[in-house]
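Novice: The structure under discussion is supplied below as structure tokens; questions concerning it will follow.
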Amino acid sequence: MPTGKHAPPSRNLAPRLAALNAVAAVFTRAAALDWALANDRGWAALTPRDRAFARAISSAAVRRVGALTAALDSLIERPLPEKAVRARMALLCGAAERLVLDGAPHAAVDNWVSVLDADDQTRRYKNLANAVLRRVASGEARAAYDAADPRADLPGWLSARWTAVYGESAAKALAAARAVPPTLDLSVKPGVDAAALAAAIGAEVLPGGTVRRREIGAVEHLPGFEAGDWWVQDYAAALPVRLLNPQHGDHIADLCAAPGGKTLQLAASGAQVVAVEASAKRMKRVAANLDRTGLAAELVTADAAAWRPEAPLDAVLLDAPCTATGTFRRRPDAAWAKQEGDIASLAQIQARLFDAAFETLKPGGRLIYCTCSLEPEEGEDQLAAFLARTPDARLSPVTHQDLPELAQAITSDGAVRTRPDLWAERGGMDGFFIARVTRR
């Protein structure tokens, strides 16, 4: 925060100051970016346009931290002192505005120099910032930014892990996909004209029916929001319900249901759905989504591992808690809030939920296990261990007929592994592991 005798930043500086505070919170306290922005003391006074600007700067700085650092390092002869954290974050944000957002040079440089000058912690670096930010978008700095390995934008442990699991080329592709802002994907209620909606909002209809728009914008202002004609759901996140193939009248449980996209899909199919969620706060969001869309489901706030239905179920969908590394293109800041040890801890929870979900099935019942993680311990390894310890379970392989538009995501044993770098020309997708199991 600004200190000393200097006056508070002007309105022109305010969005940049909010971005700086948020980026510092992400990298020094592992805070969520949206939370850090919303809780900044100047946030309430910002106009919608300035809020969008602050979010754009901070998101760009977090997404491309490695490449931006490479550009800055090419211009700074001696590294800043270790304690000069805020000054480094300001330079990172300024470079993001210039290189990623292609901000106007004069406005970007002058305003970031003013931000530094308004703070006793950073004032001594204002001349350095002036010199560096004037040159950061051209010449040697631009070349360093363009040449940077996209894996440098990741925490070191995650870069090493993806390289070991997927190989260098694929790991670079995964990191590059994370560096690109995500699309807005909508799942449409049955009976709503997806093509007409796509035409109205400047979008396209993907294979499988998802409506995709390249820019997210203010979702609540799009046509059909108030009427409940659609809900926000990534293309890959909609696949588990498609592969479960719910039938009208099926008794189906959606375990770990929040925020509710899959519950809405199941309810829209005509199935009798019970949504189970441990968090009462998150369950309110499921209820709100059902209310807006006019769909119905029974809501049960309970631990999914302990919950049991009154009678065995036709089907269960388990979207298990996970590290969510497959969604880092939507939440680039989340990579900095994770630890490698989280994978093993969550894998234990997933195994317990997998067993519990299977116990609720009637003979011949079907189960979808899925996670939005790219880590094998939360997907492929989890499935193999479950099948090894569960004699009554068998894998029901996904075929090209089930998923004709995405055959490359079907694994050799019939599970599904989507990745953010798939369909790059169409805007990518979240990373998911999906397996379909039946009870003998």
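Residues are named by chain letter and number: chains run A, B, ... in the order of the structure tokens, numbers start at 1 in each chain, and ligands are numbered from 1 in the order shown.
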Considering only C-alpha atoms, return as number ranges by chain whatever protein or nucleic-acid residues lie within 8 Å of stretch 363-380 of chain A, sequence-local ones (same chain, fewer than 3 positions apart) excluded.

Specialist: A: 237, 240, 243-244, 313-327, 343-344, 346-347, 350, 354, 357-358, 383-384, 419, 430-440

Novice: Enumerate as a list in words all residues of stretch 283-333 of chain A assigned to strand (DSSP E) by DSSP on the backbone, naming them with the chain letters and numbers the document uses.

Specialist: Glu298, Leu299, Val300, Thr301, Leu313, Asp314, Ala315, Val316, Leu317, Leu318 and Asp319 of chain A

Novice: Deliver the residues from the most recent selection as a file, using N, CA and C atoms, as a PDB file, in the first residue's frame.

Specialist:
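The result, stored in again.pdb:
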ATOM      1  N   GLU A 298     -32.742 -33.092  -6.007  1.00  0.00           N
ATOM      2  CA  GLU A 298     -32.709 -33.154  -4.551  1.00  0.00           C
ATOM      3  C   GLU A 298     -31.311 -32.765  -4.089  1.00  0.00           C
ATOM      4  N   LEU A 299     -31.228 -31.879  -3.105  1.00  0.00           N
ATOM      5  CA  LEU A 299     -29.939 -31.397  -2.624  1.00  0.00           C
ATOM      6  C   LEU A 299     -29.675 -31.970  -1.238  1.00  0.00           C
ATOM      7  N   VAL A 300     -28.525 -32.597  -1.083  1.00  0.00           N
ATOM      8  CA  VAL A 300     -28.141 -33.200   0.191  1.00  0.00           C
ATOM      9  C   VAL A 300     -26.761 -32.675   0.572  1.00  0.00           C
ATOM     10  N   THR A 301     -26.694 -31.992   1.703  1.00  0.00           N
ATOM     11  CA  THR A 301     -25.412 -31.507   2.196  1.00  0.00           C
ATOM     12  C   THR A 301     -24.828 -32.571   3.113  1.00  0.00           C
ATOM     13  N   LEU A 313     -28.639 -47.185  -6.774  1.00  0.00           N
ATOM     14  CA  LEU A 313     -28.819 -46.216  -7.856  1.00  0.00           C
ATOM     15  C   LEU A 313     -28.538 -46.822  -9.224  1.00  0.00           C
ATOM     16  N   ASP A 314     -29.168 -46.231 -10.234  1.00  0.00           N
ATOM     17  CA  ASP A 314     -28.874 -46.619 -11.615  1.00  0.00           C
ATOM     18  C   ASP A 314     -27.501 -46.130 -12.048  1.00  0.00           C
ATOM     19  N   ALA A 315     -27.113 -44.967 -11.552  1.00  0.00           N
ATOM     20  CA  ALA A 315     -25.836 -44.387 -11.984  1.00  0.00           C
ATOM     21  C   ALA A 315     -25.353 -43.378 -10.960  1.00  0.00           C
ATOM     22  N   VAL A 316     -24.042 -43.174 -10.958  1.00  0.00           N
ATOM     23  CA  VAL A 316     -23.406 -42.187 -10.096  1.00  0.00           C
ATOM     24  C   VAL A 316     -22.351 -41.452 -10.901  1.00  0.00           C
ATOM     25  N   LEU A 317     -22.291 -40.162 -10.685  1.00  0.00           N
ATOM     26  CA  LEU A 317     -21.211 -39.358 -11.260  1.00  0.00           C
ATOM     27  C   LEU A 317     -20.380 -38.796 -10.107  1.00  0.00           C
ATOM     28  N   LEU A 318     -19.100 -39.141 -10.088  1.00  0.00           N
ATOM     29  CA  LEU A 318     -18.187 -38.651  -9.053  1.00  0.00           C
ATOM     30  C   LEU A 318     -17.135 -37.766  -9.700  1.00  0.00           C
ATOM     31  N   ASP A 319     -17.271 -36.466  -9.493  1.00  0.00           N
ATOM     32  CA  ASP A 319     -16.253 -35.493  -9.907  1.00  0.00           C
ATOM     33  C   ASP A 319     -15.442 -35.194  -8.651  1.00  0.00           C
TER      34      ASP A 319
END

Novice: With only C-alpha atoms as the basis for distance, which of A:His221, A:Arg135, A:Arg55, A:Arg41 is at the shortest distance from A:Ala19?

Specialist: A:Arg55

Novice: Let me make sure I understand: among A:Ala236, A:Ala96, A:Ala71, A:Val109, which one has the smallest atom-to-atom distance to A:Ala141 if we use only C-alpha atoms?

Specialist: A:Ala71

Novice: Apply DSSP to the backbone of this structure and, from stretch 64-108 of chain A, keep only the residues in helix (DSSP H, G or I); write these as a list in words.

Specialist: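 Assigned to helix (DSSP H, G or I), within stretch 64-108 of chain A: Val65, Gly66, Ala67, Leu68, Thr69, Ala70, Ala71, Leu72, Asp73, Val85, Arg86, Ala87, Arg88, Met89, Ala90, Leu91, Leu92, Cys93, Gly94, Ala95, Ala96, Glu97, Arg98, Leu99, Val100, Pro105, His106, Ala107 and Ala108 of chain A.
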
Novice: For the interface of stretch 391-423 of chain A with stretch 222-235 of chain A (cut-off 12 Å, counting only C-alpha atoms), please tabulate each contacting residue of stretch 391-423 of chain A alongside its nearest pair of atoms and their separation in Å to one decimal, rows sorted by chain and increasing number, as a Markdown table.

Specialist:
| residue | atom | partner | partner_atom | distance |
| --- | --- | --- | --- | --- |
| A:Glu405 | CA | A:Tyr235 | CA | 11.7 |
| A:Leu406 | CA | A:Tyr235 | CA | 11.2 |
| A:Thr418 | CA | A:Tyr235 | CA | 10.1 |
| A:Arg419 | CA | A:Tyr235 | CA | 11.4 |
| A:Pro420 | CA | A:Tyr235 | CA | 10.9 |
| A:Leu422 | CA | A:Tyr235 | CA | 11.4 |
| A:Trp423 | CA | A:Tyr235 | CA | 10.9 |

Novice: Based on the selection just made, write N, CA and C atoms of those residues as a JSON list (two decimals), in the first residue's frame.

Specialist:
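Okay, this is what ended up in selection-v1.json:
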[["chain", "number", "residue", "atom", "x", "y", "z"],
["A", 405, "GLU", "N", -15.79, -36.66, -31.99],
["A", 405, "GLU", "CA", -15.04, -35.43, -32.27],
["A", 405, "GLU", "C", -13.73, -35.35, -31.52],
["A", 406, "LEU", "N", -13.48, -36.30, -30.62],
["A", 406, "LEU", "CA", -12.30, -36.20, -29.78],
["A", 406, "LEU", "C", -11.66, -37.57, -29.58],
["A", 418, "THR", "N", -8.45, -35.63, -21.52],
["A", 418, "THR", "CA", -8.40, -34.37, -22.26],
["A", 418, "THR", "C", -7.27, -33.52, -21.70],
["A", 419, "ARG", "N", -6.75, -32.63, -22.55],
["A", 419, "ARG", "CA", -5.64, -31.77, -22.14],
["A", 419, "ARG", "C", -5.90, -30.36, -22.67],
["A", 420, "PRO", "N", -5.37, -29.34, -21.98],
["A", 420, "PRO", "CA", -5.60, -27.96, -22.42],
["A", 420, "PRO", "C", -5.06, -27.65, -23.81],
["A", 422, "LEU", "N", -5.28, -29.65, -26.43],
["A", 422, "LEU", "CA", -6.11, -30.21, -27.48],
["A", 422, "LEU", "C", -7.03, -29.12, -28.04],
["A", 423, "TRP", "N", -7.30, -29.19, -29.34],
["A", 423, "TRP", "CA", -8.13, -28.20, -30.02],
["A", 423, "TRP", "C", -7.57, -26.79, -29.82]]

Novice: As a VMD selection string, please: the residues near stretch 250-265 of chain A (cut-off 9 Å, only C-alpha atoms, same-chain neighbours under 4 positions excluded).

Specialist: chain A and resid 187 to 189 231 to 233 237 to 238 240 to 242 246 269 to 279 282 to 287 289 to 290 293 295 to 297 303 to 305 309 312 to 321 353 357 360

Novice: Rank nothing, just name the residue among A:Ala70, A:Ala288, A:Leu80, A:Ala198 nearest to A:Arg212, using only C-alpha atoms.

Specialist: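 Comparing A:Ala70, A:Ala288, A:Leu80, A:Ala198 against A:Arg212, the winner is A:Ala198.
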
Novice: Considering only C-alpha atoms, return as a list of chain:residue names whatever protein or nucleic-acid residues lie within 8 Å of A:Leu154, sequence-local ones (same chain, fewer than 2 positions apart) excluded.

Specialist: A:Gly66, A:Pro150, A:Arg151, A:Ala152, A:Gly156, A:Leu158, A:Ser159, A:Ala175, A:Ala335

Novice: If you keep C-alpha atoms, can you produce a file of those selected residues as a short mmCIF file (atom, residue, chain, number, x, y, z; two decimals), in the first residue's frame?

Specialist:
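Final output, saved to out.cif:
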data_model
loop_
_atom_site.label_atom_id
_atom_site.label_comp_id
_atom_site.auth_asym_id
_atom_site.auth_seq_id
_atom_site.Cartn_x
_atom_site.Cartn_y
_atom_site.Cartn_z
CA GLY A 66 8.43 -16.54 -16.62
CA PRO A 150 6.49 -21.55 -21.60
CA ARG A 151 7.30 -23.93 -18.73
CA ALA A 152 9.05 -20.99 -17.05
CA GLY A 156 9.33 -25.34 -10.84
CA LEU A 158 4.94 -28.48 -11.78
CA SER A 159 7.15 -27.85 -14.81
CA ALA A 175 2.26 -24.68 -20.39
CA ALA A 335 -0.71 -23.03 -9.76
#
